[in-house]
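Data block for input-v7.csv (CSV, C-alpha atoms):
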```csv
chain,number,residue,atom,x,y,z
O,1,MET,CA,-19.3,34.2,20.3
O,2,THR,CA,-21.7,31.9,18.6
O,3,ASP,CA,-20.7,29.2,16.1
O,4,LYS,CA,-22.2,31.2,13.3
O,5,GLU,CA,-20.2,34.3,14.2
O,6,ILE,CA,-17.0,32.2,14.5
O,7,LEU,CA,-17.6,30.8,11.0
O,8,GLN,CA,-18.3,34.3,9.6
O,9,LEU,CA,-15.1,35.5,11.1
O,10,TYR,CA,-13.3,32.6,9.5
O,11,HIS,CA,-14.6,33.4,6.1
O,12,SER,CA,-13.8,37.1,6.4
O,13,GLU,CA,-10.5,38.5,5.0
O,14,GLN,CA,-7.6,37.8,7.4
O,15,GLY,CA,-10.0,36.3,9.9
O,16,ALA,CA,-9.1,32.6,9.7
O,17,GLN,CA,-6.4,32.7,12.4
O,18,GLN,CA,-8.6,34.8,14.8
O,19,ALA,CA,-11.5,32.4,14.3
O,20,PHE,CA,-9.3,29.4,15.0
O,21,ASN,CA,-8.1,31.1,18.2
O,22,MET,CA,-11.8,31.6,19.2
O,23,ILE,CA,-12.5,28.0,18.6
O,24,VAL,CA,-9.5,27.0,20.8
O,25,ARG,CA,-10.7,29.4,23.6
O,26,GLN,CA,-14.3,28.3,23.4
O,27,TYR,CA,-14.0,24.6,23.0
O,28,SER,CA,-10.6,23.4,24.1
O,29,SER,CA,-11.6,22.9,27.7
O,30,ARG,CA,-14.7,20.8,27.0
O,31,LEU,CA,-12.9,18.8,24.3
O,32,TYR,CA,-10.0,18.2,26.8
O,33,TRP,CA,-12.3,16.8,29.5
O,34,HIS,CA,-14.0,14.6,27.0
O,35,LEU,CA,-10.7,13.2,25.8
O,36,ARG,CA,-9.3,12.9,29.4
O,37,GLU,CA,-12.3,10.8,30.4
O,38,MET,CA,-11.5,8.6,27.4
O,39,VAL,CA,-7.8,8.1,27.7
O,40,LEU,CA,-7.3,9.0,31.4
O,41,THR,CA,-3.8,10.5,31.4
O,42,HIS,CA,-3.1,14.2,30.9
O,43,ASP,CA,-0.2,13.6,28.4
O,44,ASP,CA,-2.4,11.5,26.1
O,45,ALA,CA,-5.3,13.8,26.4
O,46,ASN,CA,-3.1,16.8,25.6
O,47,ASP,CA,-1.6,15.1,22.5
O,48,LEU,CA,-5.1,14.1,21.2
O,49,LEU,CA,-6.5,17.6,21.9
O,50,GLN,CA,-3.8,19.2,19.9
O,51,ASP,CA,-4.2,16.7,17.1
O,52,THR,CA,-7.9,17.3,17.1
O,53,LEU,CA,-7.6,21.0,16.9
O,54,ILE,CA,-5.0,20.9,14.1
O,55,LYS,CA,-7.2,18.4,12.2
O,56,ALA,CA,-10.1,20.8,12.6
O,57,TRP,CA,-8.0,23.7,11.3
O,58,ASN,CA,-7.0,21.7,8.2
O,59,ALA,CA,-10.6,20.6,7.6
O,60,LEU,CA,-12.2,24.0,8.2
O,61,PRO,CA,-12.1,25.1,4.5
O,62,ASN,CA,-14.4,22.1,3.8
O,63,PHE,CA,-16.7,22.6,6.8
O,64,ARG,CA,-20.2,23.4,5.3
O,65,GLY,CA,-21.9,24.0,8.6
O,66,GLU,CA,-24.4,21.2,8.1
O,67,SER,CA,-23.8,20.1,11.7
O,68,GLY,CA,-22.9,22.4,14.6
O,69,LEU,CA,-19.3,23.4,15.1
O,70,TYR,CA,-19.5,21.9,18.5
O,71,THR,CA,-20.7,18.5,17.4
O,72,TRP,CA,-18.3,18.5,14.5
O,73,LEU,CA,-15.3,19.2,16.9
O,74,TYR,CA,-16.5,16.5,19.3
O,75,ARG,CA,-16.8,14.0,16.4
O,76,ILE,CA,-13.2,14.7,15.4
O,77,ALA,CA,-12.0,14.4,19.1
O,78,THR,CA,-14.0,11.1,19.6
O,79,ASN,CA,-12.6,9.6,16.5
O,80,GLU,CA,-9.1,10.5,17.6
O,81,ALA,CA,-9.7,8.9,21.0
O,82,PHE,CA,-11.1,5.7,19.3
O,83,THR,CA,-8.1,5.4,17.0
O,84,PHE,CA,-5.7,6.0,20.0
O,85,LEU,CA,-7.5,3.3,22.1
O,86,LYS,CA,-7.5,0.8,19.3
O,87,LYS,CA,-3.7,1.3,18.8
O,88,GLU,CA,-3.2,0.9,22.5
O,89,ARG,CA,-5.2,-2.3,22.5
O,90,ILE,CA,-3.2,-3.7,19.6
O,91,ASN,CA,0.1,-2.8,21.4
O,92,SER,CA,-1.0,-4.4,24.6
O,93,LYS,CA,-1.6,-7.7,22.8
O,94,PHE,CA,2.2,-7.9,22.4
O,95,SER,CA,2.8,-7.2,26.1
O,96,LEU,CA,2.3,-9.3,29.3
O,97,THR,CA,-0.2,-6.8,30.9
O,98,SER,CA,-3.7,-6.5,29.6
O,99,PHE,CA,-5.1,-3.1,28.4
O,100,GLU,CA,-7.5,-2.8,31.3
O,101,SER,CA,-4.8,-3.4,33.9
O,102,LYS,CA,-2.6,-0.8,32.0
O,103,LEU,CA,-5.4,1.7,32.3
O,104,LYS,CA,-5.9,0.9,36.0
O,105,LYS,CA,-2.2,1.4,36.6
O,106,ARG,CA,-2.2,4.7,34.7
O,107,LEU,CA,-5.1,5.9,36.8
O,108,SER,CA,-3.4,5.0,40.1
O,109,GLU,CA,-0.1,6.6,39.1
O,110,ASP,CA,-1.7,9.7,37.6
O,111,LEU,CA,-0.4,12.9,39.4
O,112,TYR,CA,-3.3,14.9,38.2
O,113,PHE,CA,-6.0,12.6,39.7
O,114,SER,CA,-7.8,14.6,42.4
O,115,GLY,CA,-10.7,12.3,43.3
O,116,ASP,CA,-11.4,10.1,46.4
O,117,THR,CA,-11.6,6.3,46.6
O,118,MET,CA,-15.2,6.2,45.3
O,119,GLN,CA,-14.3,8.3,42.3
O,120,MET,CA,-11.3,6.1,41.6
O,121,MET,CA,-13.6,3.0,41.7
O,122,LEU,CA,-16.0,4.7,39.3
O,123,GLN,CA,-13.2,5.6,36.9
O,124,ARG,CA,-11.9,2.0,37.0
O,125,GLU,CA,-15.4,0.7,36.2
O,126,VAL,CA,-15.8,3.2,33.4
O,127,ALA,CA,-12.5,2.0,31.9
O,128,LYS,CA,-13.8,-1.5,31.7
O,129,LEU,CA,-16.6,-0.5,29.2
O,130,PRO,CA,-16.1,-0.9,25.5
O,131,ASP,CA,-14.8,2.3,23.8
O,132,ARG,CA,-18.1,3.4,22.2
O,133,GLN,CA,-20.1,2.7,25.4
O,134,ARG,CA,-17.5,4.5,27.4
O,135,ALA,CA,-17.7,7.6,25.2
O,136,ILE,CA,-21.5,7.6,25.5
O,137,PHE,CA,-21.4,7.1,29.3
O,138,SER,CA,-18.7,9.9,29.7
O,139,MET,CA,-20.6,12.4,27.5
O,140,ARG,CA,-23.9,11.8,29.3
O,141,TYR,CA,-22.8,11.2,32.9
O,142,PHE,CA,-19.9,13.7,33.3
O,143,GLN,CA,-20.8,16.3,30.7
O,144,ASN,CA,-24.6,16.0,30.8
O,145,MET,CA,-25.0,16.1,27.0
O,146,SER,CA,-28.3,15.3,25.4
O,147,TYR,CA,-28.9,11.9,23.8
O,148,ALA,CA,-29.6,13.7,20.5
O,149,ASP,CA,-26.2,15.5,20.5
O,150,ILE,CA,-24.3,12.3,21.5
O,151,GLY,CA,-26.2,10.6,18.6
O,152,GLU,CA,-25.1,13.3,16.2
O,153,ILE,CA,-21.5,13.0,17.3
O,154,LEU,CA,-21.4,9.2,17.0
O,155,GLY,CA,-23.6,9.0,13.9
O,156,SER,CA,-26.4,7.2,15.7
O,157,ASN,CA,-30.0,8.0,16.8
O,158,GLY,CA,-30.9,9.3,20.2
O,159,ASP,CA,-32.9,6.1,21.2
O,160,ALA,CA,-30.0,3.8,20.5
O,161,ILE,CA,-27.7,6.1,22.5
O,162,LYS,CA,-30.2,6.1,25.4
O,163,ALA,CA,-30.3,2.3,25.4
O,164,SER,CA,-26.6,2.0,25.3
O,165,TYR,CA,-26.2,4.5,28.2
O,166,SER,CA,-28.8,2.6,30.2
O,167,ILE,CA,-26.9,-0.6,29.8
O,168,ALA,CA,-23.6,1.0,30.8
O,169,TYR,CA,-25.2,2.8,33.8
O,170,LYS,CA,-26.7,-0.4,35.2
O,171,LYS,CA,-23.5,-2.4,34.7
O,172,ILE,CA,-21.4,0.2,36.5
O,173,SER,CA,-24.0,0.7,39.3
O,174,SER,CA,-24.2,-3.0,40.0
O,175,ASN,CA,-20.4,-3.4,40.0
O,176,LEU,CA,-20.0,-0.4,42.4
O,177,LYS,CA,-22.6,-1.9,44.8
O,178,LYS,CA,-20.6,-5.1,44.9
O,179,LEU,CA,-17.4,-3.2,45.7
O,180,ILE,CA,-18.9,-1.0,48.5
W,1,MET,CA,-31.2,20.6,68.4
W,2,VAL,CA,-33.5,20.8,65.4
W,3,PHE,CA,-30.5,21.5,63.2
W,4,GLU,CA,-28.7,18.3,64.6
W,5,ARG,CA,-31.8,16.2,63.8
W,6,ASP,CA,-32.0,17.6,60.3
W,7,ARG,CA,-28.3,16.8,59.7
W,8,GLU,CA,-28.8,13.2,60.9
W,9,MET,CA,-31.8,12.8,58.6
W,10,ASN,CA,-29.9,14.2,55.6
W,11,GLU,CA,-27.0,11.9,56.2
W,12,LYS,CA,-29.4,8.9,56.5
W,13,GLU,CA,-31.1,10.0,53.3
W,14,ASN,CA,-27.7,10.3,51.5
W,15,ASN,CA,-26.6,6.9,52.7
W,16,LYS,CA,-29.9,5.4,51.5
W,17,THR,CA,-29.4,6.9,48.0
W,18,PHE,CA,-25.8,5.9,48.0
W,19,PHE,CA,-26.6,2.2,48.8
W,20,ASN,CA,-29.6,2.2,46.4
W,21,ASP,CA,-27.7,3.6,43.5
W,22,PRO,CA,-24.1,4.9,44.1
W,23,LEU,CA,-24.1,6.6,40.7
W,24,GLU,CA,-26.7,9.1,41.9
W,25,GLU,CA,-24.3,10.8,44.2
W,26,SER,CA,-23.6,14.2,42.8
W,27,LYS,CA,-19.9,14.1,43.7
W,28,LEU,CA,-19.4,11.3,41.2
W,29,HIS,CA,-20.7,13.4,38.4
W,30,GLN,CA,-17.6,15.6,38.7
W,31,ILE,CA,-14.5,14.8,36.7
W,32,PRO,CA,-11.8,13.8,39.2
W,33,PHE,CA,-8.8,15.1,37.2
W,34,THR,CA,-6.8,18.3,37.2
W,35,VAL,CA,-4.5,19.8,34.7
W,36,PRO,CA,-1.0,21.4,35.0
W,37,GLU,CA,-1.0,25.1,35.9
W,38,ASN,CA,-1.8,27.5,33.0
W,39,TYR,CA,-2.4,24.5,30.7
W,40,PHE,CA,-5.3,26.1,28.8
W,41,GLU,CA,-3.6,29.5,28.7
W,42,GLU,CA,-0.5,28.0,27.1
W,43,LEU,CA,-2.5,25.7,24.8
W,44,GLU,CA,-3.3,28.5,22.3
W,45,GLU,CA,0.4,29.5,22.1
W,46,ASN,CA,1.5,25.9,21.6
W,47,LEU,CA,-1.1,25.3,18.9
W,48,ASN,CA,-0.1,28.5,17.1
W,49,ALA,CA,3.5,27.5,17.2
W,50,ARG,CA,2.6,24.1,15.7
W,51,LEU,CA,0.5,25.8,13.0
W,52,SER,CA,3.1,28.4,12.1
W,53,GLY,CA,5.2,25.6,10.8
W,54,GLN,CA,2.5,24.4,8.4
W,55,LYS,CA,0.2,26.0,5.9
W,56,GLN,CA,-3.6,25.5,6.1
W,57,ASP,CA,-4.8,22.9,3.6
W,58,GLY,CA,-6.8,24.2,0.6
W,59,LYS,CA,-10.0,22.6,-0.6
W,60,TRP,CA,-8.0,19.8,-2.2
W,61,GLY,CA,-5.4,19.6,0.6
W,62,ALA,CA,-7.6,17.6,3.0
W,63,LEU,CA,-8.5,15.2,0.2
W,64,ILE,CA,-4.9,14.8,-0.8
W,65,ARG,CA,-3.9,14.2,2.8
W,66,THR,CA,-6.4,11.4,3.3
W,67,MET,CA,-5.4,9.9,0.0
W,68,LYS,CA,-1.7,10.2,0.7
W,69,ALA,CA,-1.1,6.5,1.1
W,70,SER,CA,-2.9,5.6,-2.1
W,71,LEU,CA,-1.2,8.4,-4.0
W,72,ALA,CA,2.2,7.2,-2.7
W,73,LEU,CA,1.5,3.7,-3.9
W,74,ALA,CA,0.3,4.9,-7.3
W,75,ALA,CA,3.4,7.2,-7.6
W,76,SER,CA,5.8,4.4,-6.8
W,77,PHE,CA,4.1,2.1,-9.3
W,78,LEU,CA,4.4,4.8,-12.0
W,79,ILE,CA,8.0,5.4,-11.1
W,80,ILE,CA,8.8,1.6,-11.4
W,81,PHE,CA,6.8,1.3,-14.6
W,82,GLY,CA,8.4,4.4,-16.0
W,83,LEU,CA,11.9,3.2,-15.2
W,84,GLY,CA,11.2,-0.2,-16.8
W,85,TRP,CA,9.7,1.4,-19.9
W,86,GLY,CA,12.6,3.9,-20.1
W,87,VAL,CA,15.2,1.1,-19.9
W,88,MET,CA,13.5,-1.0,-22.5
W,89,HIS,CA,13.0,2.0,-24.8
W,90,LEU,CA,16.6,3.2,-24.4
W,91,THR,CA,18.0,-0.3,-25.1
W,92,LYS,CA,16.0,-0.6,-28.3
W,93,SER,CA,17.0,2.9,-29.5
W,94,VAL,CA,20.7,2.1,-28.8
W,95,GLN,CA,20.4,-1.2,-30.8
W,96,LYS,CA,18.7,0.7,-33.6
W,97,GLY,CA,21.3,3.4,-33.4
W,98,SER,CA,24.2,1.0,-33.7
W,99,THR,CA,22.7,-0.7,-36.7
W,100,LEU,CA,22.0,2.6,-38.3
W,101,ALA,CA,25.5,3.8,-37.5
W,102,ALA,CA,27.0,0.7,-39.1
W,103,THR,CA,24.8,1.1,-42.2
W,104,THR,CA,25.6,4.7,-42.4
W,105,ALA,CA,29.4,4.0,-42.1
W,106,GLU,CA,29.2,1.3,-44.8
W,107,ASP,CA,27.2,3.6,-47.1
W,108,ALA,CA,29.8,6.4,-46.5
W,109,VAL,CA,32.6,4.0,-47.6
W,110,ILE,CA,30.7,2.9,-50.7
W,111,ASP,CA,29.9,6.5,-51.5
W,112,SER,CA,33.5,7.5,-51.2
W,113,LEU,CA,34.6,4.4,-53.4
W,114,ILE,CA,32.0,5.3,-56.0
W,115,GLN,CA,33.3,8.8,-56.1
W,116,GLU,CA,36.9,7.5,-56.5
W,117,TYR,CA,36.5,4.5,-58.9
W,118,GLY,CA,33.1,5.1,-60.4
W,119,SER,CA,29.8,3.2,-59.8
W,120,ILE,CA,30.3,0.5,-62.4
W,121,GLU,CA,33.6,-0.8,-60.9
W,122,ILE,CA,32.1,-0.8,-57.5
W,123,ALA,CA,29.1,-2.7,-58.7
W,124,LYS,CA,31.4,-5.2,-60.5
W,125,PHE,CA,33.4,-5.5,-57.3
W,126,TYR,CA,30.3,-6.5,-55.4
W,127,GLU,CA,29.1,-8.7,-58.3
W,128,THR,CA,32.5,-10.5,-58.5
W,129,ASP,CA,32.5,-11.0,-54.8
W,130,GLU,CA,29.3,-12.8,-55.0
W,131,GLU,CA,30.4,-14.8,-58.1
W,132,ILE,CA,33.5,-15.9,-56.2
W,133,ASP,CA,31.4,-17.1,-53.4
W,134,GLU,CA,29.2,-19.1,-55.7
W,135,ARG,CA,32.1,-20.5,-57.6
W,136,GLU,CA,33.7,-21.5,-54.4
W,137,LEU,CA,30.6,-23.4,-53.4
W,138,TYR,CA,30.5,-24.9,-56.9
W,139,LEU,CA,34.1,-26.0,-56.7
W,140,GLU,CA,33.4,-27.4,-53.3
W,141,ASP,CA,30.6,-29.5,-54.7
W,142,GLU,CA,32.8,-30.6,-57.7
W,143,TYR,CA,35.6,-31.6,-55.3
W,144,LEU,CA,33.2,-33.6,-53.2
W,145,ASP,CA,31.8,-35.4,-56.3
W,146,ALA,CA,35.3,-36.2,-57.5
W,147,ILE,CA,36.1,-37.7,-54.1
W,148,GLY,CA,32.9,-39.7,-54.3
W,149,GLU,CA,33.8,-41.1,-57.7
W,150,TYR,CA,37.3,-41.9,-56.6
W,151,VAL,CA,36.0,-43.9,-53.6
W,152,GLU,CA,33.5,-45.7,-55.8
W,153,SER,CA,36.2,-46.7,-58.3
W,154,ILE,CA,38.5,-47.9,-55.6
W,155,SER,CA,35.8,-50.1,-54.1
W,156,THR,CA,34.8,-51.5,-57.5
W,157,ASN,CA,38.4,-52.4,-58.2
W,158,TYR,CA,38.8,-53.9,-54.8
W,159,ASN,CA,35.6,-56.0,-55.3
W,160,GLY,CA,37.0,-57.2,-58.7
W,161,VAL,CA,40.2,-58.3,-57.1
W,162,LEU,CA,38.3,-60.2,-54.5
W,163,ALA,CA,36.1,-61.9,-57.1
W,164,GLU,CA,39.2,-63.0,-59.0
W,165,ASP,CA,40.7,-64.4,-55.8
W,166,PHE,CA,37.5,-66.2,-55.1
W,167,LYS,CA,37.5,-67.7,-58.6
W,168,GLN,CA,41.0,-69.0,-58.2
```
Target format structure tokens, applied to this file:
Amino acid sequence: MTDKEILQLYHSEQGAQQAFNMIVRQYSSRLYWHLREMVLTHDDANDLLQDTLIKAWNALPNFRGESGLYTWLYRIATNEAFTFLKKERINSKFSLTSFESKLKKRLSEDLYFSGDTMQMMLQREVAKLPDRQRAIFSMRYFQNMSYADIGEILGSNGDAIKASYSIAYKKISSNLKKLI
Amino acid sequence: MVFERDREMNEKENNKTFFNDPLEESKLHQIPFTVPENYFEELEENLNARLSGQKQDGKWGALIRTMKASLALAASFLIIFGLGWGVMHLTKSVQKGSTLAATTAEDAVIDSLIQEYGSIEIAKFYETDEEIDERELYLEDEYLDAIGEYVESISTNYNGVLAEDFKQ
């Protein structure tokens, strides 16, 4: 079902719930992996995904369709992740362990991590990036999204996103080379 | 044999790429996480359960939700202001009410007295009352003047006696 069809279904009589279920079926997996890459643990990603979809449900009456449904949902999810990470950073200022070491610990203790050593090293390097750069790297490297789409999600232009991705890529690549 | 050589060449090529740029390895592009069993299947049910407890916001709902904090602040200010104004207003009206009640009670007594004795007598009563007061004040002044005169005469006599003594 296309975004247009979902929105038509939403505006039809008694179709709102069905349209929302279609959104969940169609986008929950992609949004989940995007959030998981941002916050690393399943529990946090699950909470944020549910919050994202409920926010989308509440905001759907005001959705004018100026941007695609897909970019709109990604924007909500990314903002949820940024808010969550900001709160985590503030909380970690009051504890003895730094935010980065907290993330590393979460990663090594995660029961749902299925990668090898190299993948673990990559995730640790990605976790060191600033939030915005991490979102850009994750959307481009893992989800193969276009620079234009990432730009629309983050409210920036494609060239700026490309430059930011390039910086993040070089940083991670050089750090990984040192580690191997 | 040819196959073996190809495999070795491929491995060498892979290692070369790996050491040139580790991020080019295709495996690294995969997300190395899994989810609990039936997670995505159960997600829809979980969300519907969460949504059944709440109504979807209308057009103004989202705006109200975003402005919740500001609205709460404004509402509490209005409540405090309203309470303050209410207390002040009530206190004033109670004071006014008590004065009015007293006046009304006095008027009622006067009315009943007028009915019983006639208005002229009552007017006289009030008039007399005021005259008495004035007279009292007048008497008080007279009394004070008399005392003053008495003290003066005493002192004059005393001075006269002293003068006589001095002469002697």
Contact table chain O vs chain W, cut-off 8 Å, shortest pair per residue, all atoms listed in the file, as CSV:
```
residue,atom,partner,partner_atom,distance
O:Asn21,CA,W:Glu44,CA,6.8
O:Val24,CA,W:Glu44,CA,6.6
O:Arg25,CA,W:Glu44,CA,7.6
O:Ser28,CA,W:Phe40,CA,7.6
O:Ser29,CA,W:Phe40,CA,7.2
O:Trp33,CA,W:Ile31,CA,7.8
O:Glu37,CA,W:Ile31,CA,7.8
O:His42,CA,W:Val35,CA,6.9
O:Gln50,CA,W:Leu47,CA,6.7
O:Ile54,CA,W:Leu51,CA,7.4
O:Trp57,CA,W:Gln56,CA,7.0
O:Asn58,CA,W:Asp57,CA,5.2
O:Ala59,CA,W:Ala62,CA,6.3
O:Pro61,CA,W:Lys59,CA,6.1
O:Asn62,CA,W:Lys59,CA,6.2
O:Tyr112,CA,W:Thr34,CA,5.0
O:Phe113,CA,W:Phe33,CA,4.5
O:Ser114,CA,W:Pro32,CA,5.2
O:Gly115,CA,W:Pro32,CA,4.5
O:Met118,CA,W:Leu28,CA,7.8
O:Gln119,CA,W:Leu28,CA,6.0
O:Leu122,CA,W:Leu28,CA,7.7
O:Tyr141,CA,W:His29,CA,6.3
O:Phe142,CA,W:His29,CA,5.2
O:Tyr169,CA,W:Leu23,CA,8.0
O:Ser173,CA,W:Leu23,CA,6.1
O:Leu176,CA,W:Pro22,CA,6.9
O:Lys177,CA,W:Phe19,CA,7.0
```
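Note that atom CA of W:Ser26 and atom CA of O:Ala163 are 22.1 Å apart.
For the pair atom CA of O:Leu53 and atom CA of O:Phe20, the separation is 8.8 Å.
Using only C-alpha atoms, the shortest contact distance between O:Asn46 and any of O:Leu31, O:Ile167, O:Leu9, O:Ala16 is found at O:Leu31.
Taking atom CA of O:Tyr74 as the reference point, atom CA of O:Ser98 is found at 28.3 Å.
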Using all atoms listed in the file, which residues sit within 10 Å of O:Arg124 once same-chain residues fewer than 4 positions away are excluded, as JSON, numbers by chain? {"O": [100, 101, 103, 104, 105, 107, 108, 118, 119, 120, 128, 129, 172]}
Of the listed residues O:Ala135, O:Val39, O:Ile6, O:Leu179, that which approaches O:Lys102 most closely, counting all atoms listed in the file: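 Of the candidates, the smallest distance to O:Lys102 is held by O:Val39.
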Do you know which residues are at most 8 Å from O:Ala81 counting all atoms listed in the file, after dropping those on the same chain fewer than 5 positions away, and could you put them as a list in words? Leu35, Met38, Val39 and Leu48 of chain O
